[in-house]
Protein chains: 2
Amino acid sequence: MANAPSIDHYRHFTENWLGHRKLTRRIVEAVPEGDLFSFSVGGMRTPAELAHEILESARTVVTGVATGDFPDYRMESPYKDRAALLTAMDEEFAALEKGLRSVTEAQLATEFSTFGGSYTGTGMEQLQYAFDNEIHHRGQLYVYLRALGVEPVPFWDR
Amino acid sequence: MANAPSIDHYRHFTENWLGHRKLTRRIVEAVPEGDLFSFSVGGMRTPAELAHEILESARTVVTGVATGDFPDYRMESPYKDRAALLTAMDEEFAALEKGLRSVTEAQLATEFSTFGGSYTGTGMEQLQYAFDNEIHHRGQLYVYLRALGVEPVPFWDR
């Protein structure tokens, strides 16, 4: 099957993502509480909104690939305070781990259409997109932390 | 071989990286010339220095995995002006494409020690690290562009 990874490599992809997700948790946690829902650079989204995008992209894509049923993407963040966001991060970590580990070789090779039909790709490609998206937005949170005078955990520390 | 991707999947990884690299070029190109070597947020590196890190991490790792001989990492950026940096980006794109396409399944599964012995992993893991690193730092350049009032090319446009 074109583009289908070996299941051994897929396991490596999964472990790499889970390591990144642990780092994402630490980066979000490092944002000062008073800035989490208000800080921005250059008119961009707040740290909490960027965290929501990371969680929501992964949740919808991983659930969709793992079950064939893609949940609606919630544009608006449902998290109203720091505790709710961090609790959601723990819950989504568990869901990500469970979801990624349940995906089969056949699902990795199945074509799915996502984002309202604007993106068609195999299960693996969909997962790759959500993974890349997490690193991208967490990289932005690194700049937010630096702008707030907070030294972030190193990128390699996962 | 544990963690070794199928060669079909590795080809997908390669194409995904090359697509990201094209986006990186457009993001660097979008930085106003007067800011490329001086702008910073929160005391971080300049856009040109971040671009150098992206190029250099990929260059050393891809060359190393493809040939078994890891070149020294040049800490200091050799690029003194915008034209030199953009020319290097074109040259490094060609080198990345050639290097990634020459990597064999055996090299992907070979263990290498990099970063002065601080990181040991298979060829695939080394490549994955340099790929992740590119998305991370380019995400930071997105914030720089926004802070400079420049609307970046969308993340999905590769």
# chains A, B, ... in the order shown; residues from 1 in each chain; ligands from 1

call {"tool": "closest_atom_pairs", "arguments": {"of": "segment 20-42 of chain B", "to": "segment 93-117 of chain B", "cutoff": "12 Å", "atoms": "only C-alpha atoms", "output": "tab-separated table"}}
result
residue	atom	partner	partner_atom	distance
B:His20	CA	B:Phe93	CA	10.6
B:Arg21	CA	B:Phe93	CA	7.1
B:Lys22	CA	B:Phe93	CA	8.0
B:Leu23	CA	B:Phe93	CA	11.3
B:Thr24	CA	B:Phe93	CA	10.3
B:Arg25	CA	B:Phe93	CA	9.1

call {"tool": "closest_atom_pairs", "arguments": {"of": "chain A", "to": "chain B", "cutoff": "9 Å", "atoms": "only C-alpha atoms", "output": "JSON lines"}}
result
{"residue": "A:Met1", "atom": "CA", "partner": "B:Asp8", "partner_atom": "CA", "distance": 8.1}
{"residue": "A:Ala2", "atom": "CA", "partner": "B:Asp8", "partner_atom": "CA", "distance": 6.0}
{"residue": "A:Asn3", "atom": "CA", "partner": "B:His9", "partner_atom": "CA", "distance": 4.4}
{"residue": "A:Ala4", "atom": "CA", "partner": "B:His9", "partner_atom": "CA", "distance": 5.4}
{"residue": "A:Pro5", "atom": "CA", "partner": "B:His9", "partner_atom": "CA", "distance": 4.7}
{"residue": "A:Ser6", "atom": "CA", "partner": "B:Ser6", "partner_atom": "CA", "distance": 5.2}
{"residue": "A:Ile7", "atom": "CA", "partner": "B:Pro5", "partner_atom": "CA", "distance": 8.1}
{"residue": "A:Asp8", "atom": "CA", "partner": "B:Asn3", "partner_atom": "CA", "distance": 5.0}
{"residue": "A:His9", "atom": "CA", "partner": "B:Asn3", "partner_atom": "CA", "distance": 4.4}
{"residue": "A:Tyr10", "atom": "CA", "partner": "B:Pro5", "partner_atom": "CA", "distance": 7.6}
{"residue": "A:Arg11", "atom": "CA", "partner": "B:Asn3", "partner_atom": "CA", "distance": 7.3}
{"residue": "A:His12", "atom": "CA", "partner": "B:Asn3", "partner_atom": "CA", "distance": 5.7}
{"residue": "A:Phe13", "atom": "CA", "partner": "B:Asn3", "partner_atom": "CA", "distance": 8.7}
{"residue": "A:Asn16", "atom": "CA", "partner": "B:Gln128", "partner_atom": "CA", "distance": 8.9}
{"residue": "A:Val41", "atom": "CA", "partner": "B:Ala147", "partner_atom": "CA", "distance": 6.0}
{"residue": "A:Gly42", "atom": "CA", "partner": "B:Ala147", "partner_atom": "CA", "distance": 4.1}
{"residue": "A:Gly43", "atom": "CA", "partner": "B:Arg146", "partner_atom": "CA", "distance": 7.3}
{"residue": "A:Met44", "atom": "CA", "partner": "B:Arg146", "partner_atom": "CA", "distance": 7.3}
{"residue": "A:Glu125", "atom": "CA", "partner": "B:His12", "partner_atom": "CA", "distance": 8.4}
{"residue": "A:Gln128", "atom": "CA", "partner": "B:Asn16", "partner_atom": "CA", "distance": 8.9}
{"residue": "A:Tyr129", "atom": "CA", "partner": "B:Trp156", "partner_atom": "CA", "distance": 8.6}
{"residue": "A:Asp132", "atom": "CA", "partner": "B:Ile135", "partner_atom": "CA", "distance": 7.0}
{"residue": "A:Asn133", "atom": "CA", "partner": "B:Phe155", "partner_atom": "CA", "distance": 8.1}
{"residue": "A:Ile135", "atom": "CA", "partner": "B:His136", "partner_atom": "CA", "distance": 5.5}
{"residue": "A:His136", "atom": "CA", "partner": "B:Gly139", "partner_atom": "CA", "distance": 4.6}
{"residue": "A:His137", "atom": "CA", "partner": "B:Gly139", "partner_atom": "CA", "distance": 6.3}
{"residue": "A:Arg138", "atom": "CA", "partner": "B:His136", "partner_atom": "CA", "distance": 7.3}
{"residue": "A:Gly139", "atom": "CA", "partner": "B:His136", "partner_atom": "CA", "distance": 4.6}
{"residue": "A:Gln140", "atom": "CA", "partner": "B:Gln140", "partner_atom": "CA", "distance": 4.9}
{"residue": "A:Leu141", "atom": "CA", "partner": "B:Gln140", "partner_atom": "CA", "distance": 8.2}
{"residue": "A:Tyr142", "atom": "CA", "partner": "B:Gln140", "partner_atom": "CA", "distance": 7.4}
{"residue": "A:Val143", "atom": "CA", "partner": "B:Gln140", "partner_atom": "CA", "distance": 6.1}
{"residue": "A:Tyr144", "atom": "CA", "partner": "B:Gly42", "partner_atom": "CA", "distance": 8.1}
{"residue": "A:Leu145", "atom": "CA", "partner": "B:Gly42", "partner_atom": "CA", "distance": 8.2}
{"residue": "A:Arg146", "atom": "CA", "partner": "B:Gly42", "partner_atom": "CA", "distance": 4.8}
{"residue": "A:Ala147", "atom": "CA", "partner": "B:Gly42", "partner_atom": "CA", "distance": 4.1}
{"residue": "A:Leu148", "atom": "CA", "partner": "B:Gly42", "partner_atom": "CA", "distance": 7.3}
{"residue": "A:Gly149", "atom": "CA", "partner": "B:Gly42", "partner_atom": "CA", "distance": 6.9}
{"residue": "A:Phe155", "atom": "CA", "partner": "B:Asn133", "partner_atom": "CA", "distance": 8.1}
{"residue": "A:Trp156", "atom": "CA", "partner": "B:Tyr129", "partner_atom": "CA", "distance": 8.6}

call {"tool": "select_by_dssp", "arguments": {"residues": "chain B", "states": "helix (DSSP H, G or I)", "output": "PyMOL selection string"}}
result
chain B and resi 7-30+47-67+82-102+105-109+123-147

call {"tool": "residues_around", "arguments": {"residues": "Ala58 of chain B", "least_positions_apart": "4", "cutoff": "7 Å", "atoms": "only C-alpha atoms", "output": "MDAnalysis selection string"}}
result
chainID B and resid 54 62 130

call {"tool": "decode", "arguments": {"residues": "segment 58-82 of chain B", "atoms": "N, CA, C and O atoms", "output": "JSON list (two decimals), in the first residue's frame"}}
result
[["chain", "number", "residue", "atom", "x", "y", "z"],
["B", 58, "ALA", "N", 19.49, 20.25, 9.45],
["B", 58, "ALA", "CA", 19.12, 19.31, 8.39],
["B", 58, "ALA", "C", 20.37, 18.88, 7.61],
["B", 58, "ALA", "O", 20.55, 17.69, 7.33],
["B", 59, "ARG", "N", 21.20, 19.83, 7.27],
["B", 59, "ARG", "CA", 22.40, 19.52, 6.47],
["B", 59, "ARG", "C", 23.28, 18.50, 7.17],
["B", 59, "ARG", "O", 23.69, 17.49, 6.56],
["B", 60, "THR", "N", 23.59, 18.72, 8.44],
["B", 60, "THR", "CA", 24.51, 17.81, 9.13],
["B", 60, "THR", "C", 23.87, 16.44, 9.31],
["B", 60, "THR", "O", 24.54, 15.42, 9.11],
["B", 61, "VAL", "N", 22.60, 16.40, 9.67],
["B", 61, "VAL", "CA", 21.96, 15.11, 9.94],
["B", 61, "VAL", "C", 21.73, 14.32, 8.65],
["B", 61, "VAL", "O", 22.03, 13.13, 8.58],
["B", 62, "VAL", "N", 21.22, 14.99, 7.63],
["B", 62, "VAL", "CA", 20.94, 14.26, 6.38],
["B", 62, "VAL", "C", 22.24, 13.79, 5.73],
["B", 62, "VAL", "O", 22.34, 12.64, 5.29],
["B", 63, "THR", "N", 23.25, 14.65, 5.70],
["B", 63, "THR", "CA", 24.55, 14.24, 5.16],
["B", 63, "THR", "C", 25.09, 13.06, 5.95],
["B", 63, "THR", "O", 25.59, 12.07, 5.38],
["B", 64, "GLY", "N", 25.00, 13.14, 7.27],
["B", 64, "GLY", "CA", 25.53, 12.09, 8.13],
["B", 64, "GLY", "C", 24.83, 10.75, 7.91],
["B", 64, "GLY", "O", 25.49, 9.71, 7.76],
["B", 65, "VAL", "N", 23.52, 10.77, 7.88],
["B", 65, "VAL", "CA", 22.78, 9.51, 7.70],
["B", 65, "VAL", "C", 23.03, 8.95, 6.30],
["B", 65, "VAL", "O", 23.21, 7.74, 6.12],
["B", 66, "ALA", "N", 23.11, 9.84, 5.32],
["B", 66, "ALA", "CA", 23.26, 9.38, 3.93],
["B", 66, "ALA", "C", 24.67, 8.90, 3.61],
["B", 66, "ALA", "O", 24.86, 8.10, 2.69],
["B", 67, "THR", "N", 25.67, 9.40, 4.36],
["B", 67, "THR", "CA", 27.06, 9.03, 4.02],
["B", 67, "THR", "C", 27.79, 8.34, 5.17],
["B", 67, "THR", "O", 28.88, 7.81, 4.96],
["B", 68, "GLY", "N", 27.24, 8.38, 6.38],
["B", 68, "GLY", "CA", 27.93, 7.83, 7.55],
["B", 68, "GLY", "C", 28.94, 8.79, 8.13],
["B", 68, "GLY", "O", 29.57, 8.52, 9.15],
["B", 69, "ASP", "N", 29.11, 9.94, 7.49],
["B", 69, "ASP", "CA", 30.10, 10.93, 7.92],
["B", 69, "ASP", "C", 29.37, 12.24, 8.25],
["B", 69, "ASP", "O", 28.89, 12.94, 7.35],
["B", 70, "PHE", "N", 29.27, 12.55, 9.55],
["B", 70, "PHE", "CA", 28.52, 13.75, 9.97],
["B", 70, "PHE", "C", 29.43, 14.97, 9.94],
["B", 70, "PHE", "O", 30.42, 15.02, 10.67],
["B", 71, "PRO", "N", 29.10, 15.97, 9.12],
["B", 71, "PRO", "CA", 29.92, 17.19, 9.09],
["B", 71, "PRO", "C", 29.80, 17.94, 10.41],
["B", 71, "PRO", "O", 28.83, 17.78, 11.14],
["B", 72, "ASP", "N", 30.79, 18.77, 10.70],
["B", 72, "ASP", "CA", 30.70, 19.63, 11.89],
["B", 72, "ASP", "C", 29.55, 20.61, 11.73],
["B", 72, "ASP", "O", 29.30, 21.13, 10.64],
["B", 73, "TYR", "N", 28.88, 20.85, 12.84],
["B", 73, "TYR", "CA", 27.80, 21.83, 12.87],
["B", 73, "TYR", "C", 28.42, 23.22, 13.02],
["B", 73, "TYR", "O", 29.17, 23.47, 13.96],
["B", 74, "ARG", "N", 28.14, 24.10, 12.08],
["B", 74, "ARG", "CA", 28.67, 25.46, 12.16],
["B", 74, "ARG", "C", 27.77, 26.30, 13.06],
["B", 74, "ARG", "O", 26.64, 26.63, 12.67],
["B", 75, "MET", "N", 28.24, 26.59, 14.26],
["B", 75, "MET", "CA", 27.40, 27.33, 15.21],
["B", 75, "MET", "C", 27.05, 28.71, 14.66],
["B", 75, "MET", "O", 25.95, 29.21, 14.84],
["B", 76, "GLU", "N", 28.03, 29.33, 14.03],
["B", 76, "GLU", "CA", 27.80, 30.70, 13.56],
["B", 76, "GLU", "C", 27.31, 30.69, 12.12],
["B", 76, "GLU", "O", 27.86, 30.00, 11.26],
["B", 77, "SER", "N", 26.29, 31.47, 11.88],
["B", 77, "SER", "CA", 25.75, 31.55, 10.52],
["B", 77, "SER", "C", 26.76, 32.18, 9.57],
["B", 77, "SER", "O", 27.30, 33.25, 9.85],
["B", 78, "PRO", "N", 27.01, 31.55, 8.43],
["B", 78, "PRO", "CA", 27.95, 32.14, 7.45],
["B", 78, "PRO", "C", 27.28, 33.16, 6.52],
["B", 78, "PRO", "O", 27.96, 33.72, 5.66],
["B", 79, "TYR", "N", 25.98, 33.39, 6.70],
["B", 79, "TYR", "CA", 25.26, 34.22, 5.72],
["B", 79, "TYR", "C", 25.25, 35.67, 6.18],
["B", 79, "TYR", "O", 24.77, 35.99, 7.27],
["B", 80, "LYS", "N", 25.79, 36.53, 5.34],
["B", 80, "LYS", "CA", 25.99, 37.93, 5.74],
["B", 80, "LYS", "C", 24.92, 38.87, 5.18],
["B", 80, "LYS", "O", 24.82, 40.01, 5.62],
["B", 81, "ASP", "N", 24.19, 38.44, 4.17],
["B", 81, "ASP", "CA", 23.11, 39.29, 3.68],
["B", 81, "ASP", "C", 21.98, 38.41, 3.14],
["B", 81, "ASP", "O", 22.10, 37.19, 3.05],
["B", 82, "ARG", "N", 20.88, 39.06, 2.81],
["B", 82, "ARG", "CA", 19.66, 38.36, 2.41],
["B", 82, "ARG", "C", 19.89, 37.49, 1.18],
["B", 82, "ARG", "O", 19.44, 36.35, 1.11]]
